[in-house]
Amino acid sequence: MRVASAISLSEETRLRLEKLARGRSTRFAFVQRSRIVLLAGDGLQNKQIAERMEVAPRMAALWRNRFLTLGVEGLLRTPADRDGLPPSLRRR
């Protein structure tokens, strides 16, 4: 059985994620991503998060890994933020 990478949240990061998760005007996708990372920060594995959030385990793994590589800002990116071109065709 695979074990997901542990997430350690600083107090500042936890507060920011909690604010996003509670935001009444925050996009649903950002709320959901924030909740996934908060649960991961509480020590839950992807399968447990998926069951609790009613999402696929792959989705829990995706946002856990995105947070580990890009931080909170990685959770706030949308498809519109990307230009759609493969890296080899982007302007340098």
# chains A, B, ... in the order shown; residues from 1 in each chain; ligands from 1
$ residues_around --residues "Asn46 of chain A" --least-positions-apart "2" --cutoff "7 Å" --atoms "only C-alpha atoms" --output "VMD selection string"
chain A and resid 4 44 48 to 50 57 60 to 61
$ residues_around --residues "segment 16-26 of chain A" --least-positions-apart "6" --cutoff "10 Å" --atoms "only C-alpha atoms" --output "PyMOL selection string"
chain A and resi 9-10+32-38+72+75-76
$ select_by_dssp --residues "segment 4-91 of chain A" --states "alpha helix (DSSP H)" --output "PyMOL selection string"
chain A and resi 11-22+28-41+46-53+57-70+72-75
$ closest_residue --among "A:Val31, A:Glu73, A:Arg64, A:Met53" --to "Ala6 of chain A" --atoms "only C-alpha atoms"
A:Arg64
$ atom_distance --atom1 "atom CA of Leu15 of chain A" --atom2 "atom CA of Phe67 of chain A"
15.0 Å
